[in-house]
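What's in upload_11.txt: compact mmCIF, C-alpha atoms and all ligand atoms
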# COMPACT_ATOMS: atom_id res chain seq x y z
CA MET A 1 0.00 0.00 0.00
CA LEU A 2 2.87 2.44 0.82
CA LYS A 3 5.55 1.19 -1.57
CA GLY A 4 7.68 4.10 -2.83
CA LYS A 5 6.61 6.38 0.00
CA THR A 6 8.79 7.65 2.83
CA ALA A 7 7.58 7.99 6.40
CA VAL A 8 9.28 10.04 9.10
CA VAL A 9 8.23 9.03 12.60
CA THR A 10 9.57 11.12 15.49
CA GLY A 11 10.16 9.37 18.79
CA SER A 12 10.29 5.96 17.16
CA THR A 13 13.10 4.28 19.08
CA SER A 14 10.43 2.78 21.35
CA GLY A 15 6.74 2.44 22.09
CA ILE A 16 4.01 3.73 19.78
CA GLY A 17 6.44 5.43 17.38
CA LEU A 18 8.39 2.23 16.79
CA GLY A 19 5.09 0.40 16.26
CA CYS A 20 4.10 2.98 13.61
CA ALA A 21 7.49 2.76 11.87
CA ARG A 22 7.17 -1.03 11.69
CA ALA A 23 3.55 -0.83 10.46
CA PHE A 24 4.53 1.56 7.63
CA ALA A 25 7.55 -0.59 6.71
CA ALA A 26 5.26 -3.64 6.62
CA GLU A 27 3.24 -1.75 3.98
CA GLY A 28 6.41 -1.14 1.96
CA ALA A 29 7.35 2.40 3.00
CA ASN A 30 10.93 3.46 3.63
CA VAL A 31 11.16 4.92 7.12
CA VAL A 32 13.16 7.43 9.10
CA ILE A 33 13.27 6.51 12.75
CA ASN A 34 14.19 9.07 15.39
CA GLY A 35 14.54 9.29 19.13
CA LEU A 36 16.84 8.95 22.08
CA GLY A 37 18.47 5.81 23.40
CA ASP A 38 21.46 3.53 23.36
CA ALA A 39 23.30 3.75 20.00
CA ALA A 40 23.77 -0.02 19.64
CA GLU A 41 20.11 -0.72 20.45
CA ILE A 42 18.95 1.91 17.96
CA GLU A 43 21.17 0.43 15.26
CA ALA A 44 19.75 -3.03 16.02
CA THR A 45 16.21 -1.63 15.72
CA ARG A 46 17.05 0.08 12.43
CA ALA A 47 18.69 -3.00 10.96
CA ALA A 48 15.77 -5.22 12.09
CA ILE A 49 13.25 -3.02 10.24
CA GLU A 50 15.31 -3.31 7.04
CA ALA A 51 15.72 -7.07 7.45
CA ASP A 52 12.10 -7.77 8.40
CA TYR A 53 10.44 -5.70 5.68
CA GLY A 54 13.02 -5.23 2.89
CA VAL A 55 12.79 -1.43 3.00
CA THR A 56 15.34 1.29 3.67
CA CYS A 57 15.40 2.52 7.24
CA VAL A 58 17.50 5.52 8.29
CA TYR A 59 18.02 6.83 11.81
CA SER A 60 17.92 10.57 12.53
CA PRO A 61 19.30 11.64 15.92
CA ALA A 62 17.47 15.02 15.75
CA ASN A 63 16.58 16.28 19.19
CA MET A 64 12.95 17.38 19.29
CA LEU A 65 13.99 20.25 21.56
CA ASN A 66 15.88 21.83 18.66
CA ALA A 67 14.06 23.46 15.71
CA GLU A 68 17.11 23.40 13.42
CA GLU A 69 17.73 19.71 14.02
CA ILE A 70 14.05 18.96 13.28
CA GLU A 71 14.25 20.87 10.00
CA GLY A 72 17.52 19.06 9.24
CA MET A 73 15.81 15.68 9.78
CA ILE A 74 13.14 16.51 7.18
CA GLN A 75 15.76 17.81 4.72
CA MET A 76 17.88 14.67 5.22
CA ALA A 77 14.84 12.45 4.51
CA GLU A 78 14.01 14.38 1.35
CA LYS A 79 17.61 14.24 0.14
CA ASP A 80 18.48 10.65 1.08
CA LEU A 81 15.09 8.94 0.60
CA GLY A 82 13.55 11.25 -2.01
CA SER A 83 10.53 12.64 -0.13
CA VAL A 84 8.62 12.91 3.10
CA ASP A 85 5.15 11.59 2.29
CA ILE A 86 4.09 10.56 5.78
CA LEU A 87 5.00 12.46 8.92
CA VAL A 88 4.10 11.14 12.34
CA ASN A 89 4.76 13.62 15.12
CA ASN A 90 4.97 11.21 17.99
CA ALA A 91 7.90 12.08 20.28
CA GLY A 92 6.69 12.83 23.76
CA ILE A 93 7.58 12.98 27.42
CA GLN A 94 5.53 13.22 30.58
CA HIS A 95 5.90 14.71 34.04
CA VAL A 96 3.42 14.31 36.87
CA SER A 97 3.29 16.96 39.59
CA PRO A 98 0.86 19.40 41.25
CA VAL A 99 0.87 22.66 39.29
CA GLU A 100 2.32 24.76 42.12
CA GLU A 101 5.35 22.43 42.31
CA PHE A 102 5.65 21.78 38.56
CA PRO A 103 9.32 22.37 37.60
CA ILE A 104 9.55 25.20 35.04
CA GLY A 105 12.16 23.28 33.05
CA LYS A 106 9.80 20.31 32.75
CA TRP A 107 6.98 22.57 31.55
CA ASP A 108 9.26 24.06 28.86
CA ALA A 109 10.55 20.65 27.74
CA ILE A 110 7.07 19.11 27.50
CA ILE A 111 5.72 22.02 25.47
CA ALA A 112 8.81 21.89 23.21
CA ILE A 113 8.89 18.12 22.64
CA ASN A 114 5.16 17.31 22.70
CA LEU A 115 3.89 20.39 20.84
CA SER A 116 6.43 22.73 19.23
CA SER A 117 8.40 19.90 17.58
CA ALA A 118 5.27 18.97 15.61
CA PHE A 119 5.01 22.55 14.36
CA HIS A 120 8.66 22.59 13.26
CA ALA A 121 8.40 19.23 11.46
CA ILE A 122 5.10 20.12 9.76
CA ARG A 123 6.48 23.50 8.70
CA ALA A 124 9.46 21.80 7.05
CA ALA A 125 7.55 18.88 5.47
CA VAL A 126 4.47 20.62 4.03
CA PRO A 127 6.18 22.32 1.03
CA GLY A 128 7.36 18.96 -0.40
CA MET A 129 3.97 17.34 0.23
CA LYS A 130 2.22 20.23 -1.54
CA GLN A 131 4.59 19.93 -4.48
CA ARG A 132 3.80 16.22 -4.84
CA GLY A 133 0.08 16.68 -4.11
CA TRP A 134 0.00 13.95 -1.48
CA GLY A 135 0.75 13.76 2.19
CA ARG A 136 -0.31 12.25 5.48
CA ILE A 137 0.41 14.05 8.72
CA ILE A 138 -0.49 12.17 11.87
CA ASN A 139 0.02 13.70 15.26
CA THR A 140 0.11 11.32 18.20
CA ALA A 141 -2.01 13.25 20.64
CA SER A 142 -3.75 11.52 23.53
CA ALA A 143 -7.10 11.19 25.25
CA HIS A 144 -5.54 14.13 27.11
CA ALA A 145 -6.13 16.20 23.96
CA LEU A 146 -9.84 15.91 24.80
CA VAL A 147 -10.05 15.61 28.59
CA ALA A 148 -7.76 16.46 31.50
CA SER A 149 -6.33 14.62 34.50
CA PRO A 150 -4.89 16.36 37.56
CA TYR A 151 -1.11 16.77 37.93
CA LYS A 152 -0.46 16.71 34.18
CA SER A 153 -0.78 20.42 33.39
CA ALA A 154 2.01 20.64 30.80
CA TYR A 155 1.10 17.38 29.05
CA VAL A 156 -2.61 18.17 28.84
CA ALA A 157 -1.86 21.71 27.63
CA ALA A 158 0.52 20.38 24.96
CA LYS A 159 -1.92 17.70 23.78
CA HIS A 160 -4.84 20.16 23.59
CA GLY A 161 -2.43 22.37 21.61
CA ILE A 162 -1.72 19.50 19.22
CA ALA A 163 -5.46 19.20 18.57
CA GLY A 164 -5.59 22.88 17.60
CA LEU A 165 -2.50 22.59 15.40
CA THR A 166 -3.98 19.52 13.69
CA LYS A 167 -7.25 21.27 12.81
CA THR A 168 -5.54 24.45 11.63
CA VAL A 169 -3.03 22.77 9.31
CA ALA A 170 -5.75 20.43 7.99
CA LEU A 171 -7.73 23.46 6.81
CA GLU A 172 -4.67 25.05 5.23
CA VAL A 173 -3.75 21.98 3.13
CA ALA A 174 -7.22 20.52 2.52
CA GLN A 175 -7.01 21.03 -1.25
CA ASP A 176 -3.44 19.79 -1.62
CA GLY A 177 -4.05 16.05 -1.20
CA ILE A 178 -2.71 16.21 2.35
CA THR A 179 -4.63 14.99 5.38
CA VAL A 180 -3.78 16.00 8.94
CA ASN A 181 -5.19 14.10 11.87
CA ALA A 182 -4.52 13.47 15.53
CA ILE A 183 -4.72 10.00 17.03
CA CYS A 184 -5.73 10.07 20.68
CA PRO A 185 -4.78 6.87 22.48
CA GLY A 186 -5.94 6.05 25.96
CA TYR A 187 -3.40 4.26 28.11
CA VAL A 188 -0.96 2.16 26.09
CA TRP A 189 1.59 0.08 28.01
CA THR A 190 4.89 1.69 26.94
CA PRO A 191 8.01 2.99 28.75
CA LEU A 192 6.32 6.43 28.97
CA VAL A 193 3.45 5.04 31.04
CA GLU A 194 5.67 2.77 33.11
CA ALA A 195 7.91 5.74 33.99
CA GLN A 196 5.09 7.86 35.40
CA ILE A 197 3.98 5.21 37.89
CA PRO A 198 6.48 6.13 40.66
CA ASP A 199 5.58 9.86 40.48
CA THR A 200 1.86 9.08 40.45
CA MET A 201 2.35 6.79 43.46
CA LYS A 202 4.03 9.71 45.23
CA ALA A 203 1.59 12.44 44.12
CA ARG A 204 -1.48 10.38 45.10
CA ASN A 205 0.02 8.25 47.89
CA LEU A 206 -0.90 4.95 46.19
CA THR A 207 0.73 1.56 45.56
CA GLU A 208 1.74 0.48 42.05
CA GLU A 209 -1.30 -1.80 41.69
CA GLU A 210 -3.59 0.99 42.89
CA VAL A 211 -2.10 3.39 40.32
CA LYS A 212 -2.73 0.87 37.50
CA ARG A 213 -6.28 0.02 38.62
CA ASP A 214 -7.56 3.24 40.25
CA VAL A 215 -5.78 5.90 38.17
CA LEU A 216 -4.76 4.52 34.79
CA LEU A 217 -7.44 1.96 33.93
CA LYS A 218 -10.09 3.67 36.05
CA ALA A 219 -10.80 6.01 33.15
CA GLN A 220 -10.79 3.22 30.57
CA PRO A 221 -14.14 1.35 30.49
CA THR A 222 -12.63 -1.69 28.75
CA LYS A 223 -10.22 -2.01 31.73
CA GLU A 224 -7.53 -2.99 29.25
CA PHE A 225 -4.51 -1.11 27.97
CA VAL A 226 -4.67 -0.15 24.29
CA THR A 227 -1.93 -2.00 22.38
CA ILE A 228 0.86 -0.47 20.35
CA GLU A 229 -0.25 -2.58 17.36
CA GLN A 230 -3.79 -1.15 17.54
CA VAL A 231 -2.49 2.43 17.45
CA ALA A 232 -0.01 1.63 14.67
CA GLY A 233 -2.74 -0.07 12.63
CA TYR A 234 -4.91 3.03 12.99
CA ALA A 235 -2.02 5.18 11.74
CA ALA A 236 -1.46 2.89 8.75
CA PHE A 237 -5.18 3.05 7.91
CA LEU A 238 -5.01 6.87 7.91
CA CYS A 239 -2.32 6.59 5.21
CA SER A 240 -4.61 4.57 2.91
CA ASP A 241 -6.64 6.01 0.05
CA THR A 242 -9.80 4.89 1.87
CA ALA A 243 -8.96 7.42 4.59
CA SER A 244 -8.43 10.38 2.26
CA ALA A 245 -11.62 12.13 3.44
CA ILE A 246 -10.57 11.95 7.07
CA THR A 247 -8.82 15.22 7.88
CA GLY A 248 -8.78 17.69 10.73
CA SER A 249 -10.07 14.91 12.95
CA ILE A 250 -9.20 14.28 16.55
CA LEU A 251 -9.54 10.51 16.69
CA PRO A 252 -9.80 8.65 20.00
CA ILE A 253 -8.59 5.06 20.37
CA ASP A 254 -9.12 4.85 24.08
CA GLY A 255 -11.28 1.90 25.14
CA GLY A 256 -14.22 4.25 25.67
CA TRP A 257 -12.42 6.69 28.01
CA THR A 258 -13.64 9.91 26.36
CA ALA A 259 -17.19 8.59 25.86
CA GLN A 260 -17.79 9.29 29.53
P1 LIG B 301 7.93 6.10 24.73
O1 LIG B 301 8.62 6.70 25.91
O2 LIG B 301 8.01 4.64 24.49
O3 LIG B 301 8.39 6.83 23.41
C1 LIG B 301 8.71 8.18 23.36
C2 LIG B 301 9.68 8.41 22.23
O4 LIG B 301 9.99 9.81 22.18
C3 LIG B 301 11.00 7.66 22.41
O5 LIG B 301 11.45 7.17 21.17
C4 LIG B 301 11.94 8.75 22.90
O6 LIG B 301 13.29 8.52 22.62
C5 LIG B 301 11.40 9.93 22.11
N1 LIG B 301 11.85 11.22 22.64
C6 LIG B 301 11.70 11.72 23.89
N2 LIG B 301 12.32 12.91 23.98
C7 LIG B 301 12.86 13.16 22.77
C8 LIG B 301 13.63 14.23 22.24
N3 LIG B 301 13.99 15.28 22.98
N4 LIG B 301 14.02 14.15 20.94
C9 LIG B 301 13.69 13.07 20.18
N5 LIG B 301 12.97 12.04 20.64
C10 LIG B 301 12.56 12.09 21.91
O7 LIG B 301 6.42 6.56 24.90
P2 LIG B 301 5.07 6.27 24.07
O8 LIG B 301 4.06 5.94 25.08
O9 LIG B 301 5.30 5.38 22.93
O10 LIG B 301 4.74 7.74 23.58
C11 LIG B 301 4.69 8.12 22.23
C12 LIG B 301 3.66 9.21 22.07
O11 LIG B 301 2.37 8.67 22.40
C13 LIG B 301 3.85 10.42 22.98
O12 LIG B 301 3.59 11.60 22.28
C14 LIG B 301 2.82 10.21 24.06
O13 LIG B 301 2.41 11.41 24.65
C15 LIG B 301 1.71 9.56 23.26
N6 LIG B 301 0.72 8.82 24.05
C16 LIG B 301 1.11 7.75 24.81
C17 LIG B 301 0.15 7.09 25.54
C18 LIG B 301 0.48 5.91 26.39
O14 LIG B 301 -0.38 5.50 27.18
N7 LIG B 301 1.64 5.32 26.27
C19 LIG B 301 -1.18 7.51 25.51
C20 LIG B 301 -1.52 8.60 24.74
C21 LIG B 301 -0.56 9.24 24.01
Let me see whether you can do it: turn the structure in this file into structure tokens.
Amino acid sequence: MLKGKTAVVTGSTSGIGLGCARAFAAEGANVVINGLGDAAEIEATRAAIEADYGVTCVYSPANMLNAEEIEGMIQMAEKDLGSVDILVNNAGIQHVSPVEEFPIGKWDAIIAINLSSAFHAIRAAVPGMKQRGWGRIINTASAHALVASPYKSAYVAAKHGIAGLTKTVALEVAQDGITVNAICPGYVWTPLVEAQIPDTMKARNLTEEEVKRDVLLKAQPTKEFVTIEQVAGYAAFLCSDTASAITGSILPIDGGWTAQ
């Protein structure tokens, strides 16, 4: 379905981003993976994508805190792989703390990585997509783009911001063959969720099991984590021709969380 296309997925050295990169590669796309982590592990991930799917996979070390590096990542993809047809703005971090104690540096980093990086990547990728008359921009938002939870002020603000960015850009490129959507997962079991458990235990004075049951899955009527494969499959569907009328949409995949 995606043979001859190139997908750039930010934050794809683990979790949902890696799932998306693998799903696109499985459909024949060449992929640019990006993110932090151990160099040898990243190289193993990159090589495995090439071996498993017979596509080209390139790693970009661009830091999503740095606008120039983000622009450089898009330029590298266009130069080395010929185009950026699919862009998934997925890199993200989390910090859990009451607002009056929220570290200013954490606020700035979350807004930069979870929101501003998407703007910088979109800004750099849209001209090429317009030229070719085809593009798919998918922003990994969150159920927190639609509803809030306490102690996540920066994350919820960034994800609501992503929803606004998604709708705005979708309107701007609606006649250029480019769709722009936000996928809003509920809780997916990834390192990002695992890492926030200790802080949530502290902020709410709960045990690990209580955090999983009474905080995380409390909001999710299915009482099950969403899987990486389900989110990646949704992203791949949005790249299909069948999905070409879906644009400017804020799309939950959250086990019923935001139905409440
Ligand atoms: P993850 O921690 O597994 O992945 C995050 C990725 O972002 C990693 O590859 C990491 O290296 C990368 N990253 C972090 N800081 C970076 C930086 N400065 N520059 C470049 N890359 C950077 O987490 P995940 O759960 O897969 O999260 C992916 C996205 O999904 C995030 O935007 C997150 O907010 C969103 N999301 C996750 C869940 C969930 O329950 N896991 C739910 C809703 C939305």
(request) Counting only C-alpha atoms and all ligand atoms, name the residues that have an atom within 6 Å of an atom of ligand LIG 301 (chain B); the answer should be given as a VMD selection string. (result) chain A and resid 11 to 17 35 to 37 63 to 65 90 to 93 113 to 114 140 to 142 185 to 193
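Closest approach to Arg204 in chain A among A:Ser153, A:Ser97, A:Thr6, A:Asn89 is made by A:Ser97 (distances from all atoms listed in the file).
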(message) Show me, as a ChimeraX atom specification, the residues that have an atom within 10 Å of Ala124 in chain A when counting all atoms listed in the file, minus same-chain residues fewer than 6 positions from it.
(response) /A:67,70-75,84,118
(request) Could you please give me, as number ranges by chain, the residues of protein, DNA or RNA lying at most 10 Å from (-1.2, 17.2, 27.5) in the coordinate frame of the file, considering all atoms listed in the file? (result) A: 92-95, 110-111, 114-115, 141-149, 152-162
Write the selection just made, keeping C-alpha atoms, as a compact mmCIF listing (two decimals), keeping the file's coordinate frame?
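Output below, filename out14.txt:
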# COMPACT_ATOMS: atom_id res chain seq x y z
CA GLY A 92 6.69 12.83 23.76
CA ILE A 93 7.58 12.98 27.42
CA GLN A 94 5.53 13.22 30.58
CA HIS A 95 5.90 14.71 34.04
CA ILE A 110 7.07 19.11 27.50
CA ILE A 111 5.72 22.02 25.47
CA ASN A 114 5.16 17.31 22.70
CA LEU A 115 3.89 20.39 20.84
CA ALA A 141 -2.01 13.25 20.64
CA SER A 142 -3.75 11.52 23.53
CA ALA A 143 -7.10 11.19 25.25
CA HIS A 144 -5.54 14.13 27.11
CA ALA A 145 -6.13 16.20 23.96
CA LEU A 146 -9.84 15.91 24.80
CA VAL A 147 -10.05 15.61 28.59
CA ALA A 148 -7.76 16.46 31.50
CA SER A 149 -6.33 14.62 34.50
CA LYS A 152 -0.46 16.71 34.18
CA SER A 153 -0.78 20.42 33.39
CA ALA A 154 2.01 20.64 30.80
CA TYR A 155 1.10 17.38 29.05
CA VAL A 156 -2.61 18.17 28.84
CA ALA A 157 -1.86 21.71 27.63
CA ALA A 158 0.52 20.38 24.96
CA LYS A 159 -1.92 17.70 23.78
CA HIS A 160 -4.84 20.16 23.59
CA GLY A 161 -2.43 22.37 21.61
CA ILE A 162 -1.72 19.50 19.22
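Among the candidates A:Ala51, A:Leu87, A:Ile250, A:Ile183, the one nearest to Ala232 in chain A when counting only C-alpha atoms is A:Ile183.
Using all atoms listed in the file, the smallest distance between any of A:Ala203, A:Ala48, A:Val211, A:Cys184 and Gly256 in chain A comes from A:Cys184.
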Dump range 203-215 of chain A with N, CA and C atoms to a file, as a tab-separated table (two decimals), in the first residue's frame.
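Once written, result.tsv looks like this:
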chain	number	residue	atom	x	y	z
A	203	ALA	N	2.54	11.31	44.15
A	203	ALA	CA	1.59	12.44	44.12
A	203	ALA	C	0.26	12.05	44.76
A	204	ARG	N	-0.15	10.78	44.61
A	204	ARG	CA	-1.48	10.38	45.10
A	204	ARG	C	-1.40	9.43	46.30
A	205	ASN	N	-0.17	9.13	46.74
A	205	ASN	CA	0.02	8.25	47.89
A	205	ASN	C	-0.65	6.88	47.67
A	206	LEU	N	-0.29	6.24	46.54
A	206	LEU	CA	-0.90	4.95	46.19
A	206	LEU	C	0.18	3.91	45.92
A	207	THR	N	-0.20	2.63	45.95
A	207	THR	CA	0.73	1.56	45.56
A	207	THR	C	0.71	1.44	44.03
A	208	GLU	N	1.66	0.66	43.50
A	208	GLU	CA	1.74	0.48	42.05
A	208	GLU	C	0.43	-0.12	41.49
A	209	GLU	N	-0.06	-1.16	42.16
A	209	GLU	CA	-1.30	-1.80	41.69
A	209	GLU	C	-2.47	-0.83	41.71
A	210	GLU	N	-2.51	0.00	42.77
A	210	GLU	CA	-3.59	0.99	42.89
A	210	GLU	C	-3.50	2.03	41.77
A	211	VAL	N	-2.27	2.42	41.42
A	211	VAL	CA	-2.10	3.39	40.32
A	211	VAL	C	-2.65	2.79	39.02
A	212	LYS	N	-2.27	1.51	38.75
A	212	LYS	CA	-2.73	0.87	37.50
A	212	LYS	C	-4.26	0.77	37.48
A	213	ARG	N	-4.84	0.30	38.59
A	213	ARG	CA	-6.28	0.02	38.62
A	213	ARG	C	-7.11	1.29	38.83
A	214	ASP	N	-6.69	2.13	39.82
A	214	ASP	CA	-7.56	3.24	40.25
A	214	ASP	C	-7.26	4.55	39.54
A	215	VAL	N	-6.09	4.65	38.88
A	215	VAL	CA	-5.78	5.90	38.17
A	215	VAL	C	-5.78	5.64	36.67
